[in-house]
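Shown next, in structure tokens, is the structure this report addresses.
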Amino acid sequence: MAGKNIKVLLVEDNPGDVFLLQEFLKEVTTVVVDLMPVERLSEAINYLAKEIFDVILLDLSLPDSQGLETFVIAHHQAKATPIIVLTGINDETLAIRAMQEGAQDYLVKGQVTGDLLVRSMRYAIERQRADDALRHSEERFRVALKNSPIFVYNQDMELRYTWVYNPPSGLAVEEILGKQDLDIIPVEDAQHLITIKSGVLTTGIGTREEVSITIKDTTRYYDLTVEPLRNELQEVVGVTCASIDISERKLAEEKIREQAALLDVTTDAICVRDLNNQIIFWNKGAETLYGWLAIEAWGKNASELLYDEPSPEIEAALLQATSKGKWQGELNKLTKNDKEILVASRWSLVYDEQGKPKAILTVDTDITEKKHLEAQLFRAQRLESIGTLASGIAHDLNNILTPILAGAQLLPLKFPDADERTRHLLEILEVNARRGADLVKQVLSFARGVEGKRITLQIRHLIVEVGKILKETFPKSIQISTDVLKDLWMVSGDSTQLHQVLMNLCVNARDAMPNGGSLSLYAENVLIDENYARINLEAKEGPYIVMTVSDTGVGIAKEILDRIFEPFFTTKDVGKGTGLGLSTVLGIVKSHGGFVNVYSEPGTGTSFQVYLPAVEGMETITPEELPPQAGHGELILIVDDEVAIQEITKTSLEAHNYKTLIACDGIEAIALYAQNQDKIDAVLMDIMLPTLDGLTAIRTLQKINPLVRIIASSGLMSDKKLSAVAAIGINTFLVKPYTVNELLLSLHKVLSQLN
């Protein structure tokens, strides 16, 4: 107020008092007072209607108004102007009543000085301003409360409601005042509130909690703030509380939690990253797939976390996602353990409320195993196609190999005086024809599941033979050694398949030694006891032959040792391995009742041990080891559509005292047999014939003569065909290419049958 004039309206009908007040104010030098004196209340009202005063000095006894009514009228006319009541010594009680009605101060006439008058006016003005500010603040507070969901109330020490504003929906003020929480809401909710408020009454420290309250069967959630209510002595006399209805927020949070739970339930990896590529969301699926916990991934650069190095595919995906709003495709990503996985990735651009891009949502599905299975399926389909092709080729190859093999065996008989070199060349011809025939059998065994013959055989011969092949074909930098016990037990098996087992293991050993090394093949007898069988579930008690193939190569890493027998699994470069070698080994060994153990140390080498059950008995003699069985002039009907086979079979049989007739197909065979039924002793029938197939021809011959002796023959024989042949009573079968001895033994067998 310093430096500013005070404009005062003086309402006083006593000229003497007016004069004294004017004189008092003249003595004051700190402020300039502009005094406007009037004698009547009506005059004052007229001035107040036209002008604004800083303060009113009001005598309550005026000619036109007396007592408290004078103040009431003046205060009503100028609510914003502070009023100081002027009173006599005997009227002090009336002045106090005026202050209770809103007067800012009162002065007793005869006790007033200039300074006191100025101080009083200043005080009145400041207090009026403070009251106005408080009134305006309260008004704003009431307006704010009226338009907000805040429930405000006071409670005393017994927690009875003493003041209530803006009660929640379903409750009226009169239903709450004077009552306690137990009178209004359910017991459980009330007890919770009582506990919270009692704590504040006891400690004098405010608190804030989220609570749920049921009002008339409707549950709502509130953000409750409780503060201690204190008196002038700062004693706690109750609590003042504010409750904000947060039900909508809680429902939204619950929905978000449910959605987050759904995001965490999915096995897909869901990631959100901002436009700076920083990860801002990482669900449980992402933790499982990539190995990074959410707390580890948040804030990290997605490219640094999930990719080994930037790639054109990533740049293209990012460009399309930001320009078109979405992208999907397949990407190679890295896990926390640096394992590379393939994912089907979907990217979507996320926008803010203004429609501006703010983040990229990525959903990744692990398709590593799916792609692996697809690759296996494609390979299996290719193998099936190869098998179908191989079956057709095998028939033709066997037809080609049959005369070559038979010719190689007949030539030494035609030229008994041939020199040693010629005999050696003929031996090479026969050996390679046999190898060709075995190769065809191996192809059919793998591609079509054609099983070979199981005989009692000596493994020693296989190892010696494989050892010779390895020394002739493997690089000289690889040292080959074999060691076999002389008294090695026998096994029951297919020599061709077991030969394949050894060759597959040896080829793998060779590939593991690109710079040379040592390759050892040896076999021994092992007696497996109960303890070993308990440890190795595939083993059984009893005698076994153990073939061991050891190398000094690079070895096999521990993390892939358990996968080496999986079909199509290979560590070799593309085009250098099918991943079928060891799976074929395991399949053959298991079909023989055995099992395989592997021991490997990276950098040192690998050892494969093949366990095969041993059997008792003598080694089965192969047809080639038996003396040839010559005929006694019997007539044999040869039925085959291949001229070369006709001629070599005719020559072979006639060289061993047989007579022959030739038929090119089933119809001709039936005609010749009908003409020469009493002369023909046996029929050699090819199953795959033009015009009329072999099986139909055989049935026809059996109708002509139920006792006809027949040997079935084919270059391609499946289990289905064998069953069909056996079903019509034919038990002797020759698989092309067959040797002369196999042909002679088969003829001897059928001709020895009793009529």
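Going by the structure tokens order, chains are called A, B, ..., each with residues numbered from 1, while ligands are numbered from 1 in the order shown.
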
I want to know what sits within 7 Å of segment 744-750 of chain A, based on only C-alpha atoms, with residues of the same chain fewer than 2 positions away left out; could you give that as a ChimeraX atom specification? /A:628-629,709,732,740-742,752-753

Counting only C-alpha atoms, which residues of segment 592-664 of chain A sit at most 8 Å from some atom of segment 403-412 of chain A, and what is each one's closest atom pair with its distance in Å to one decimal, listed by chain and rising residue number, as a tab-separated table?
```
residue	atom	partner	partner_atom	distance
A:Ala644	CA	A:Pro403	CA	6.2
A:Ile645	CA	A:Pro403	CA	5.4
A:Ile648	CA	A:Pro403	CA	5.5
A:Thr649	CA	A:Pro403	CA	7.6
A:Ser652	CA	A:Leu410	CA	6.7
```

So how many Å separate atom CA of Val272 of chain A and atom CA of Ser247 of chain A, to one decimal? 28.5 Å

Would you list the contacts of segment 611-613 of chain A as an mmCIF file with N, CA, C and O atoms, in the first residue's frame, taking every protein, DNA or RNA residue within 6 Å and counting only C-alpha atoms, but skipping same-chain residues closer than 2 positions in sequence?
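And here's result.cif as it stands now:
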```
data_model
loop_
_atom_site.group_PDB
_atom_site.id
_atom_site.type_symbol
_atom_site.label_atom_id
_atom_site.label_comp_id
_atom_site.auth_asym_id
_atom_site.auth_seq_id
_atom_site.Cartn_x
_atom_site.Cartn_y
_atom_site.Cartn_z
ATOM 1 N N TYR A 544 28.786 -111.353 -28.916
ATOM 2 C CA TYR A 544 28.720 -110.390 -30.016
ATOM 3 C C TYR A 544 30.038 -110.366 -30.762
ATOM 4 O O TYR A 544 31.100 -110.668 -30.197
ATOM 5 N N ILE A 545 29.968 -110.023 -32.044
ATOM 6 C CA ILE A 545 31.145 -109.672 -32.827
ATOM 7 C C ILE A 545 31.210 -108.143 -32.866
ATOM 8 O O ILE A 545 30.206 -107.498 -33.155
ATOM 9 N N VAL A 546 32.367 -107.555 -32.588
ATOM 10 C CA VAL A 546 32.519 -106.105 -32.622
ATOM 11 C C VAL A 546 33.469 -105.737 -33.748
ATOM 12 O O VAL A 546 34.643 -106.113 -33.735
ATOM 13 N N GLY A 594 21.806 -105.605 -34.028
ATOM 14 C CA GLY A 594 22.970 -105.043 -33.352
ATOM 15 C C GLY A 594 22.782 -103.591 -32.969
ATOM 16 O O GLY A 594 21.684 -103.037 -33.039
ATOM 17 N N PHE A 595 23.872 -102.963 -32.574
ATOM 18 C CA PHE A 595 23.851 -101.546 -32.213
ATOM 19 C C PHE A 595 25.223 -100.951 -32.484
ATOM 20 O O PHE A 595 26.199 -101.681 -32.757
#
```

So that I can check the surroundings of His192 of chain A, please list as a list in words every protein, DNA and RNA residue that reaches within 12 Å of it, counting only C-alpha atoms and ignoring chain neighbours fewer than 2 positions away. Asp181, Leu182, Ile185, Pro186, Val187, Glu188, Asp189, Ala190, Ile194, Thr195, Ile196, Lys197, Ser198, Gly199, Glu209, Glu210, Val211, Ser212, Ile213 and Leu224 of chain A

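Atom CA of Asp308 of chain A is found 19.8 Å from atom CA of Arg346 of chain A.
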
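We find atom CA of Leu635 of chain A and atom CA of Leu684 of chain A to be spaced 10.9 Å apart.
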